[in-house]
2 protein chains.
Amino acid sequence: MPEFLRLVSPAEALARWLKALPESRRGEVESQDTPGSLGRILAEDVVAPHPLPPFARSTVDGYAVRAEDTFGAGPSAPSYLRLVGEVPMGRISDIQIHVGEAALVHTGGAIPEGASAVVMLEDTQTVPGGEIEVLSALGIGKNVIRLGEDIQEGERVLEIGQRLRVQEIGGLMALGRTRVSVFRRPRVAILSTGDEVVPAEAEPQPGQVRDVNSHTLAALVLRSGGQPVPFGIVPDDPETLFQAAQRAKASSDLIIITAGSSASARDNTAEVVRRLGAPGVLVHGLSIKPGKPAILGMVDGVPVIGLPGNPVSALVVAGLLVTPMLRRLGGDNRPTITAAVPARLAVNVPSEAGREDYLPARLEGSPEGWIADPVFGKSNLIFTLVRADGLIRIPADTTGLPEGSRVDVIPFD
Amino acid sequence: MPEFLRLVSPAEALARWLKALPESRRGEVESQDTPGSLGRILAEDVVAPHPLPPFARSTVDGYAVRAEDTFGAGPSAPSYLRLVGEVPMGRISDIQIHVGEAALVHTGGAIPEGASAVVMLEDTQTVPGGEIEVLSALGIGKNVIRLGEDIQEGERVLEIGQRLRVQEIGGLMALGRTRVSVFRRPRVAILSTGDEVVPAEAEPQPGQVRDVNSHTLAALVLRSGGQPVPFGIVPDDPETLFQAAQRAKASSDLIIITAGSSASARDNTAEVVRRLGAPGVLVHGLSIKPGKPAILGMVDGVPVIGLPGNPVSALVVAGLLVTPMLRRLGGDNRPTITAAVPARLAVNVPSEAGREDYLPARLEGSPEGWIADPVFGKSNLIFTLVRADGLIRIPADTTGLPEGSRVDVIPFD
């Protein structure tokens with residue numbers, strides 16, 4: 001008799017799974033050149049070794065002046081200032097601006113001593129005799145970036161657990177940090193089970209199918225910052241699966257087992273998770289479609305997930321649970337921000353209350369914005385997802401959505 | 001006297017730039033193992049060499065039956081069927097289902113000849129004497145995935161120009177396509193200019209700053225599917241810049257020149273673009289903030305972009321223009337779907353009509369959803385973006401948005 005599932009919502013399941021992770025867990029650290037660390041998680045706090053910018057700079061092409069020398073100036077009453085030189089780029093000049101003086105300065109050039117503002121070229125006229133007319137009054141600091149305006153010396157500019165995006169790479173390079181400590185990517189063991197499953201490289205015999213889930217899950221793990229470690233295809237035999245999972249446990253930060261979604265295969269996976277370590281199975285069954293028969297476990301500090309064998313179910317559940325777990329295992333401590341595409345439903349969509357539905361959908365442009373057209377496929381085969389641009393989430397408190405409803409489509413990467 | 005800019009909207013600028021690209025342009029093709037081609041653009045049409053699934057399969061654990069043998073069956077009036085065997089996994093069995101017969105079948109198992117539906121275990125009872133009771137009536141095809149239900153043999157399943165996402169990798173592997181033709185990544189030459197700019201590895205002398213834009217743009221190019229080729233830092237000298245740009249033109253699919261945003265530097269870049277080839281400068285000046293002084297050109301079929309030197313401007317303009325151009329150069333022919341995070345503005349934001357504004361913002365959670373808190377920084381230095389989660393777009397027809405307005409935040413990758 002198959003075990004009855006006690007269904008848990010995906011959010012509650014994730015919370016239990018994360019909570020069971022040992023507090024003391026700390027990822028290994030590796031040194032990486034900064035440009036190569038795009039997308040990695042910082043494993044150190046970064047303190048600015050010097051201010052940015054390291055000197056006061058002009059933001060425009062113009063003349064460095066004492067702001068008070070321009071007070072009251074206007075188009076009909078210009079201030080006349082004596083031009084005393086040009087600030088070279090890339091050097092601190094020895095020009096000093098005294099009362100009534102100005103020096104030509106280019107964008108990015110250092111503000112010379114004595115100057116407190118820069119008047120734009122467009123607001124000046126040159127007059128014979130080495131003088132300029134200033135046609136507008138300037139406040140102190142006008143068109144000047146102050147020393148340390150972006151970052152002060154000693155300021156903590158980046159923190160452990162930050163993901164290094166394009167701008168963090170730039171910020172690190174601006175500070176001369178050409179190498180950086182990042183957390184090692186979590187290693188994710190992927191075990192595919194099923195007596196009918198053969199490697200993608202093989203020619204399936206009648207009754208056999210090629211392994212899809214190992215490859216889609218490896219790709220998803222890569223996208224989520226993990227390092228997939230393929231453990232191949234394991235026959236539907238509890239002892240063989242247990243042996244393989246034990247090897248995976250010894251060398252991995254997370255174990256994914258994709259099972260056939262049959263009750264017997266599920267029971268195999270659950271039994272293996274129980275034998276692998278404590279506390280074992282945490283969740284067996286999600287109130288979600290597709291993906292109901294998923295299993296979450298923790299075995300001596302290593303998270304395990306048993307995913308249904310159907311590829312859409314496996315990917316939907318992995319996106320909801322494996323991705324955030326990988327983020328945590330990888331040391332990423334920032335909240336998740338999920339972007340979506342607002343759209344209108346092309347058709348009525350039935351659903352059951354008490355269950356979250358995730359529906360693959362195609363986005364079609366229209367003059368009124370995006371239309372989300374669900375890709376129905378009773379058997380949720382892989383090409384259902386190939387035809388889709390993203391997933392529509394139908395919340396658990398809904399019994400379906402009528403045509404024309406406003407939905408958020410979470411686009412596939 | 002600096003050249004006057006004739007401002008063009010970013011959308012119009014992009015349209016002109018893409019239109020100037022030669023039609024005949026066709027990217028080089030390379031062969032790649034399928035799992036390693038995640039994110040690449042397919043350079044061939046893929047036709048299914050066989051149907052998927054390759055045989056009719058059960059979607060449940062149950063008994064394969066002739067549907068008509070269950071007509072009229074119910075909990076109080078079961079059909080009695082004779083159990084004639086168990087379908088092995090991974091093989092086509094020689095079991096045949098005749099009138100009044102049933103065979104045990106597991107999820108994913110092949111439907112035996114003669115059977116037209118599968119009754120779930122839960123809807124049956126075993127009775128002594130090798131019979132089962134079927135407690136529900138089944139339609140033809142119930143709990144069966146038909147042969148070819150996902151994909152028919154000979155069907156074109158993927159097309160030239162499709163980006164290979166997680167699911168396309170899975171689909172290819174399901175069909176045994178372990179290698180695939182993809183377009184070579186576009187090579188993007190990145191030239192940084194400025195007499196005050198030194199490499200990030202160097203210790204800047206007073207008046208000098210480290211190169212940031214080469215690194216942020218290289219990261220953005222990588223993220224957008226291109227292959228950055230650093231051309232280093234070029235002094236503010238038109239002839240030297242021309243020589244470097246000519247070398248870049250010979251070996252690249254796209255040239256990025258980041259200039260100081262000074263009028264003189266801009267004029268240098270424009271002049272170099274004119275000299276490099278025909279038709280030369282297409283757009284000089286965008287109705288956008290930040291990023292107004294950008295330059296777009298096409299030189300003998302190679303697109304060139306001159307970006308302002310300030311890192312925020314450079315990244316905003318590159319995101320709007322370089323990313324879609326790279327997609328085109330890389331052979332990606334799908335429409336762009338931009339996902340955003342709906343939020344409410346934390347403060348009033350002024351803007352000018354006739355100009356699109358892009359404002360870095362931090363997202364803060366609240367019980368009512370996300371709050372977008374703009375990161376103001378008059379000088380748009382790199383750490384402005386480090387502090388931000390995404391960009392708020394303020395359309396050109398707005399003169400500002402009041403606190404509490406609903407805005408879409410485009411999150412940074």
# chains A, B, ... in the order shown; residues from 1 in each chain; ligands from 1
>>> interface_residues(of="chain B", to="chain A", cutoff="6 Å", atoms="only C-alpha atoms", output="ChimeraX atom specification")
/B:61,89-92,107,110,166-168,170-171,173-174,176,195-196,200-201,206-208,210,212,215-216,219,262,339-341,382,386
>>> select_by_dssp(residues="region 146-214 of chain A", states="helix (DSSP H, G or I)", output="mmCIF file with N, CA and C atoms, in the first residue's frame")
data_model
loop_
_atom_site.group_PDB
_atom_site.id
_atom_site.type_symbol
_atom_site.label_atom_id
_atom_site.label_comp_id
_atom_site.auth_asym_id
_atom_site.auth_seq_id
_atom_site.Cartn_x
_atom_site.Cartn_y
_atom_site.Cartn_z
ATOM 1 N N VAL A 166 27.528 43.042 -12.058
ATOM 2 C CA VAL A 166 28.372 43.877 -12.917
ATOM 3 C C VAL A 166 28.959 45.057 -12.118
ATOM 4 N N GLN A 167 28.109 45.721 -11.325
ATOM 5 C CA GLN A 167 28.568 46.932 -10.649
ATOM 6 C C GLN A 167 29.536 46.638 -9.500
ATOM 7 N N GLU A 168 29.371 45.483 -8.831
ATOM 8 C CA GLU A 168 30.318 45.138 -7.769
ATOM 9 C C GLU A 168 31.701 44.855 -8.365
ATOM 10 N N ILE A 169 31.716 44.219 -9.538
ATOM 11 C CA ILE A 169 32.994 44.000 -10.222
ATOM 12 C C ILE A 169 33.660 45.362 -10.478
ATOM 13 N N GLY A 170 32.868 46.303 -10.975
ATOM 14 C CA GLY A 170 33.394 47.647 -11.237
ATOM 15 C C GLY A 170 33.884 48.330 -9.967
ATOM 16 N N GLY A 171 33.100 48.226 -8.903
ATOM 17 C CA GLY A 171 33.482 48.865 -7.640
ATOM 18 C C GLY A 171 34.778 48.285 -7.084
ATOM 19 N N LEU A 172 34.914 46.961 -7.162
ATOM 20 C CA LEU A 172 36.141 46.320 -6.674
ATOM 21 C C LEU A 172 37.346 46.778 -7.500
ATOM 22 N N MET A 173 37.185 46.833 -8.827
ATOM 23 C CA MET A 173 38.298 47.245 -9.672
ATOM 24 C C MET A 173 38.652 48.714 -9.418
ATOM 25 N N ALA A 174 37.639 49.539 -9.166
ATOM 26 C CA ALA A 174 37.895 50.964 -8.873
ATOM 27 C C ALA A 174 38.763 51.108 -7.635
ATOM 28 N N ASN A 213 16.063 14.453 -17.078
ATOM 29 C CA ASN A 213 16.125 15.229 -15.841
ATOM 30 C C ASN A 213 17.546 15.520 -15.366
ATOM 31 N N SER A 214 18.464 14.573 -15.555
ATOM 32 C CA SER A 214 19.851 14.850 -15.137
ATOM 33 C C SER A 214 20.351 16.112 -15.804
#
>>> residues_around(residues="Ser9 (chain A)", least_positions_apart="2", cutoff="9 Å", atoms="only C-alpha atoms", output="list in words")
Leu7, Ala11, Glu12, Ala13, Leu14, Gly285, Leu286, Ser287, Ile288, Gly354, Arg355, Glu356 and Ala396 of chain A
>>> closest_residue(among="A:Glu403, A:Asp332, A:Asp69, A:Glu271", to="His284 (chain A)", atoms="only C-alpha atoms")
A:Glu271
>>> residues_around(residues="Thr240 (chain B)", least_positions_apart="5", cutoff="12 Å", atoms="only C-alpha atoms", output="PyMOL selection string")
chain B and resi 191+193-195+233-235+245-247+268-269+272
>>> atom_distance(atom1="CA of Gly301 (chain A)", atom2="CA of Met325 (chain A)")
12.8 Å
>>> atom_distance(atom1="CA of Leu21 (chain A)", atom2="CA of Asp237 (chain A)")
28.3 Å
>>> select_by_dssp(residues="region 238-314 of chain A", states="strand (DSSP E or B)", output="list in words")
Leu254, Ile255, Ile256, Ile257, Thr258, Pro279, Gly280, Val281, Leu282, Val283, His284, Leu286, Ile288, Lys289, Ile295, Leu296, Gly297, Met298, Val299, Val302, Pro303, Val304, Ile305, Gly306 and Leu307 of chain A
>>> residues_around(residues="Gly291 (chain A)", least_positions_apart="5", cutoff="7 Å", atoms="only C-alpha atoms", output="VMD selection string")
chain A and resid 286 308 313 to 314 317
>>> atom_distance(atom1="CA of Gly74 (chain A)", atom2="CA of Gln96 (chain A)")
24.9 Å
>>> residues_around(residues="Ser116 (chain B)", least_positions_apart="5", cutoff="6 Å", atoms="only C-alpha atoms", output="list in words")
Arg66, Ala67, Ile140 and Gly141 of chain B
>>> decode(residues="region 33-81 of chain B", atoms="N, CA and C atoms", output="PDB file, in the first residue's frame")
ATOM      1  N   ASP B  33      28.959  20.673 -27.343  1.00  0.00           N
ATOM      2  CA  ASP B  33      28.184  19.623 -26.686  1.00  0.00           C
ATOM      3  C   ASP B  33      26.958  20.273 -26.061  1.00  0.00           C
ATOM      4  N   THR B  34      25.842  19.577 -26.118  1.00  0.00           N
ATOM      5  CA  THR B  34      24.561  20.183 -25.736  1.00  0.00           C
ATOM      6  C   THR B  34      24.551  20.697 -24.292  1.00  0.00           C
ATOM      7  N   PRO B  35      25.019  19.900 -23.310  1.00  0.00           N
ATOM      8  CA  PRO B  35      24.963  20.433 -21.944  1.00  0.00           C
ATOM      9  C   PRO B  35      25.774  21.727 -21.789  1.00  0.00           C
ATOM     10  N   GLY B  36      26.832  21.891 -22.583  1.00  0.00           N
ATOM     11  CA  GLY B  36      27.655  23.106 -22.498  1.00  0.00           C
ATOM     12  C   GLY B  36      27.106  24.265 -23.308  1.00  0.00           C
ATOM     13  N   SER B  37      25.960  24.093 -23.938  1.00  0.00           N
ATOM     14  CA  SER B  37      25.453  25.152 -24.809  1.00  0.00           C
ATOM     15  C   SER B  37      24.336  25.959 -24.154  1.00  0.00           C
ATOM     16  N   LEU B  38      24.181  25.793 -22.833  1.00  0.00           N
ATOM     17  CA  LEU B  38      23.177  26.572 -22.101  1.00  0.00           C
ATOM     18  C   LEU B  38      23.383  28.068 -22.357  1.00  0.00           C
ATOM     19  N   GLY B  39      22.332  28.750 -22.787  1.00  0.00           N
ATOM     20  CA  GLY B  39      22.403  30.191 -23.035  1.00  0.00           C
ATOM     21  C   GLY B  39      22.868  30.562 -24.439  1.00  0.00           C
ATOM     22  N   ARG B  40      23.338  29.579 -25.196  1.00  0.00           N
ATOM     23  CA  ARG B  40      23.805  29.872 -26.564  1.00  0.00           C
ATOM     24  C   ARG B  40      22.625  29.939 -27.537  1.00  0.00           C
ATOM     25  N   ILE B  41      22.910  30.404 -28.762  1.00  0.00           N
ATOM     26  CA  ILE B  41      21.861  30.558 -29.772  1.00  0.00           C
ATOM     27  C   ILE B  41      22.022  29.462 -30.820  1.00  0.00           C
ATOM     28  N   LEU B  42      20.937  28.745 -31.044  1.00  0.00           N
ATOM     29  CA  LEU B  42      20.946  27.612 -31.965  1.00  0.00           C
ATOM     30  C   LEU B  42      21.168  28.089 -33.400  1.00  0.00           C
ATOM     31  N   ALA B  43      22.055  27.396 -34.115  1.00  0.00           N
ATOM     32  CA  ALA B  43      22.382  27.774 -35.491  1.00  0.00           C
ATOM     33  C   ALA B  43      21.840  26.765 -36.498  1.00  0.00           C
ATOM     34  N   GLU B  44      20.934  25.922 -36.070  1.00  0.00           N
ATOM     35  CA  GLU B  44      20.332  24.935 -36.983  1.00  0.00           C
ATOM     36  C   GLU B  44      18.886  24.707 -36.551  1.00  0.00           C
ATOM     37  N   ASP B  45      18.074  24.233 -37.505  1.00  0.00           N
ATOM     38  CA  ASP B  45      16.756  23.736 -37.139  1.00  0.00           C
ATOM     39  C   ASP B  45      16.921  22.300 -36.667  1.00  0.00           C
ATOM     40  N   VAL B  46      16.211  21.931 -35.636  1.00  0.00           N
ATOM     41  CA  VAL B  46      16.303  20.555 -35.127  1.00  0.00           C
ATOM     42  C   VAL B  46      14.992  19.833 -35.408  1.00  0.00           C
ATOM     43  N   VAL B  47      15.082  18.707 -36.075  1.00  0.00           N
ATOM     44  CA  VAL B  47      13.926  17.890 -36.431  1.00  0.00           C
ATOM     45  C   VAL B  47      13.981  16.612 -35.591  1.00  0.00           C
ATOM     46  N   ALA B  48      12.851  16.193 -35.091  1.00  0.00           N
ATOM     47  CA  ALA B  48      12.818  15.006 -34.221  1.00  0.00           C
ATOM     48  C   ALA B  48      13.105  13.745 -35.033  1.00  0.00           C
ATOM     49  N   PRO B  49      14.150  12.986 -34.663  1.00  0.00           N
ATOM     50  CA  PRO B  49      14.466  11.750 -35.388  1.00  0.00           C
ATOM     51  C   PRO B  49      13.509  10.619 -35.032  1.00  0.00           C
ATOM     52  N   HIS B  50      12.748  10.782 -33.989  1.00  0.00           N
ATOM     53  CA  HIS B  50      11.765   9.766 -33.592  1.00  0.00           C
ATOM     54  C   HIS B  50      10.729  10.455 -32.719  1.00  0.00           C
ATOM     55  N   PRO B  51       9.579   9.792 -32.546  1.00  0.00           N
ATOM     56  CA  PRO B  51       8.553  10.441 -31.721  1.00  0.00           C
ATOM     57  C   PRO B  51       8.943  10.437 -30.240  1.00  0.00           C
ATOM     58  N   LEU B  52       8.329  11.339 -29.500  1.00  0.00           N
ATOM     59  CA  LEU B  52       8.498  11.388 -28.036  1.00  0.00           C
ATOM     60  C   LEU B  52       7.130  11.406 -27.399  1.00  0.00           C
ATOM     61  N   PRO B  53       6.791  10.587 -26.444  1.00  0.00           N
ATOM     62  CA  PRO B  53       7.589   9.423 -26.093  1.00  0.00           C
ATOM     63  C   PRO B  53       7.612   8.424 -27.247  1.00  0.00           C
ATOM     64  N   PRO B  54       8.617   7.549 -27.253  1.00  0.00           N
ATOM     65  CA  PRO B  54       8.775   6.615 -28.368  1.00  0.00           C
ATOM     66  C   PRO B  54       7.810   5.426 -28.282  1.00  0.00           C
ATOM     67  N   PHE B  55       7.037   5.338 -27.233  1.00  0.00           N
ATOM     68  CA  PHE B  55       6.017   4.280 -27.097  1.00  0.00           C
ATOM     69  C   PHE B  55       4.975   4.808 -26.120  1.00  0.00           C
ATOM     70  N   ALA B  56       3.782   4.219 -26.166  1.00  0.00           N
ATOM     71  CA  ALA B  56       2.715   4.650 -25.249  1.00  0.00           C
ATOM     72  C   ALA B  56       3.090   4.242 -23.824  1.00  0.00           C
ATOM     73  N   ARG B  57       2.950   5.177 -22.893  1.00  0.00           N
ATOM     74  CA  ARG B  57       3.408   4.939 -21.512  1.00  0.00           C
ATOM     75  C   ARG B  57       2.280   5.185 -20.520  1.00  0.00           C
ATOM     76  N   SER B  58       2.392   4.535 -19.403  1.00  0.00           N
ATOM     77  CA  SER B  58       1.447   4.800 -18.319  1.00  0.00           C
ATOM     78  C   SER B  58       1.909   6.011 -17.519  1.00  0.00           C
ATOM     79  N   THR B  59       0.955   6.846 -17.081  1.00  0.00           N
ATOM     80  CA  THR B  59       1.314   7.987 -16.241  1.00  0.00           C
ATOM     81  C   THR B  59       1.118   7.678 -14.765  1.00  0.00           C
ATOM     82  N   VAL B  60       0.648   6.471 -14.462  1.00  0.00           N
ATOM     83  CA  VAL B  60       0.365   6.116 -13.057  1.00  0.00           C
ATOM     84  C   VAL B  60       0.816   4.678 -12.794  1.00  0.00           C
ATOM     85  N   ASP B  61       0.802   4.303 -11.534  1.00  0.00           N
ATOM     86  CA  ASP B  61       0.933   2.897 -11.155  1.00  0.00           C
ATOM     87  C   ASP B  61      -0.465   2.294 -11.189  1.00  0.00           C
ATOM     88  N   GLY B  62      -0.670   1.226 -11.928  1.00  0.00           N
ATOM     89  CA  GLY B  62      -2.020   0.678 -12.010  1.00  0.00           C
ATOM     90  C   GLY B  62      -2.083  -0.553 -12.873  1.00  0.00           C
ATOM     91  N   TYR B  63      -3.254  -0.732 -13.484  1.00  0.00           N
ATOM     92  CA  TYR B  63      -3.467  -1.897 -14.341  1.00  0.00           C
ATOM     93  C   TYR B  63      -3.864  -1.439 -15.740  1.00  0.00           C
ATOM     94  N   ALA B  64      -3.134  -1.968 -16.735  1.00  0.00           N
ATOM     95  CA  ALA B  64      -3.493  -1.698 -18.116  1.00  0.00           C
ATOM     96  C   ALA B  64      -4.697  -2.556 -18.471  1.00  0.00           C
ATOM     97  N   VAL B  65      -5.700  -1.914 -19.062  1.00  0.00           N
ATOM     98  CA  VAL B  65      -6.958  -2.624 -19.347  1.00  0.00           C
ATOM     99  C   VAL B  65      -7.502  -2.177 -20.695  1.00  0.00           C
ATOM    100  N   ARG B  66      -8.525  -2.878 -21.196  1.00  0.00           N
ATOM    101  CA  ARG B  66      -9.324  -2.385 -22.312  1.00  0.00           C
ATOM    102  C   ARG B  66     -10.380  -1.486 -21.705  1.00  0.00           C
ATOM    103  N   ALA B  67     -10.424  -0.230 -22.119  1.00  0.00           N
ATOM    104  CA  ALA B  67     -11.327   0.741 -21.483  1.00  0.00           C
ATOM    105  C   ALA B  67     -12.753   0.223 -21.482  1.00  0.00           C
ATOM    106  N   GLU B  68     -13.144  -0.431 -22.572  1.00  0.00           N
ATOM    107  CA  GLU B  68     -14.550  -0.872 -22.669  1.00  0.00           C
ATOM    108  C   GLU B  68     -14.893  -1.916 -21.614  1.00  0.00           C
ATOM    109  N   ASP B  69     -13.881  -2.611 -21.089  1.00  0.00           N
ATOM    110  CA  ASP B  69     -14.135  -3.590 -20.028  1.00  0.00           C
ATOM    111  C   ASP B  69     -14.521  -2.929 -18.707  1.00  0.00           C
ATOM    112  N   THR B  70     -14.347  -1.609 -18.600  1.00  0.00           N
ATOM    113  CA  THR B  70     -14.662  -0.921 -17.339  1.00  0.00           C
ATOM    114  C   THR B  70     -15.950  -0.122 -17.461  1.00  0.00           C
ATOM    115  N   PHE B  71     -16.538  -0.066 -18.634  1.00  0.00           N
ATOM    116  CA  PHE B  71     -17.743   0.752 -18.809  1.00  0.00           C
ATOM    117  C   PHE B  71     -18.797   0.316 -17.810  1.00  0.00           C
ATOM    118  N   GLY B  72     -19.356   1.290 -17.111  1.00  0.00           N
ATOM    119  CA  GLY B  72     -20.383   0.998 -16.121  1.00  0.00           C
ATOM    120  C   GLY B  72     -19.854   0.599 -14.762  1.00  0.00           C
ATOM    121  N   ALA B  73     -18.527   0.454 -14.635  1.00  0.00           N
ATOM    122  CA  ALA B  73     -17.966   0.055 -13.342  1.00  0.00           C
ATOM    123  C   ALA B  73     -18.074   1.205 -12.337  1.00  0.00           C
ATOM    124  N   GLY B  74     -18.244   0.848 -11.075  1.00  0.00           N
ATOM    125  CA  GLY B  74     -18.328   1.845  -9.999  1.00  0.00           C
ATOM    126  C   GLY B  74     -18.071   1.138  -8.691  1.00  0.00           C
ATOM    127  N   PRO B  75     -17.982   1.894  -7.586  1.00  0.00           N
ATOM    128  CA  PRO B  75     -17.668   1.274  -6.291  1.00  0.00           C
ATOM    129  C   PRO B  75     -18.659   0.178  -5.908  1.00  0.00           C
ATOM    130  N   SER B  76     -19.924   0.359  -6.294  1.00  0.00           N
ATOM    131  CA  SER B  76     -20.893  -0.669  -5.897  1.00  0.00           C
ATOM    132  C   SER B  76     -21.075  -1.726  -6.984  1.00  0.00           C
ATOM    133  N   ALA B  77     -20.519  -1.480  -8.186  1.00  0.00           N
ATOM    134  CA  ALA B  77     -20.668  -2.458  -9.273  1.00  0.00           C
ATOM    135  C   ALA B  77     -19.347  -2.612  -9.996  1.00  0.00           C
ATOM    136  N   PRO B  78     -18.342  -3.229  -9.303  1.00  0.00           N
ATOM    137  CA  PRO B  78     -17.026  -3.323  -9.929  1.00  0.00           C
ATOM    138  C   PRO B  78     -17.025  -4.217 -11.161  1.00  0.00           C
ATOM    139  N   SER B  79     -16.072  -3.946 -12.069  1.00  0.00           N
ATOM    140  CA  SER B  79     -15.770  -4.887 -13.149  1.00  0.00           C
ATOM    141  C   SER B  79     -14.731  -5.859 -12.615  1.00  0.00           C
ATOM    142  N   TYR B  80     -14.863  -7.098 -12.978  1.00  0.00           N
ATOM    143  CA  TYR B  80     -13.862  -8.091 -12.577  1.00  0.00           C
ATOM    144  C   TYR B  80     -12.981  -8.411 -13.773  1.00  0.00           C
ATOM    145  N   LEU B  81     -11.673  -8.278 -13.603  1.00  0.00           N
ATOM    146  CA  LEU B  81     -10.744  -8.556 -14.706  1.00  0.00           C
ATOM    147  C   LEU B  81      -9.711  -9.563 -14.232  1.00  0.00           C
TER     148      LEU B  81
END
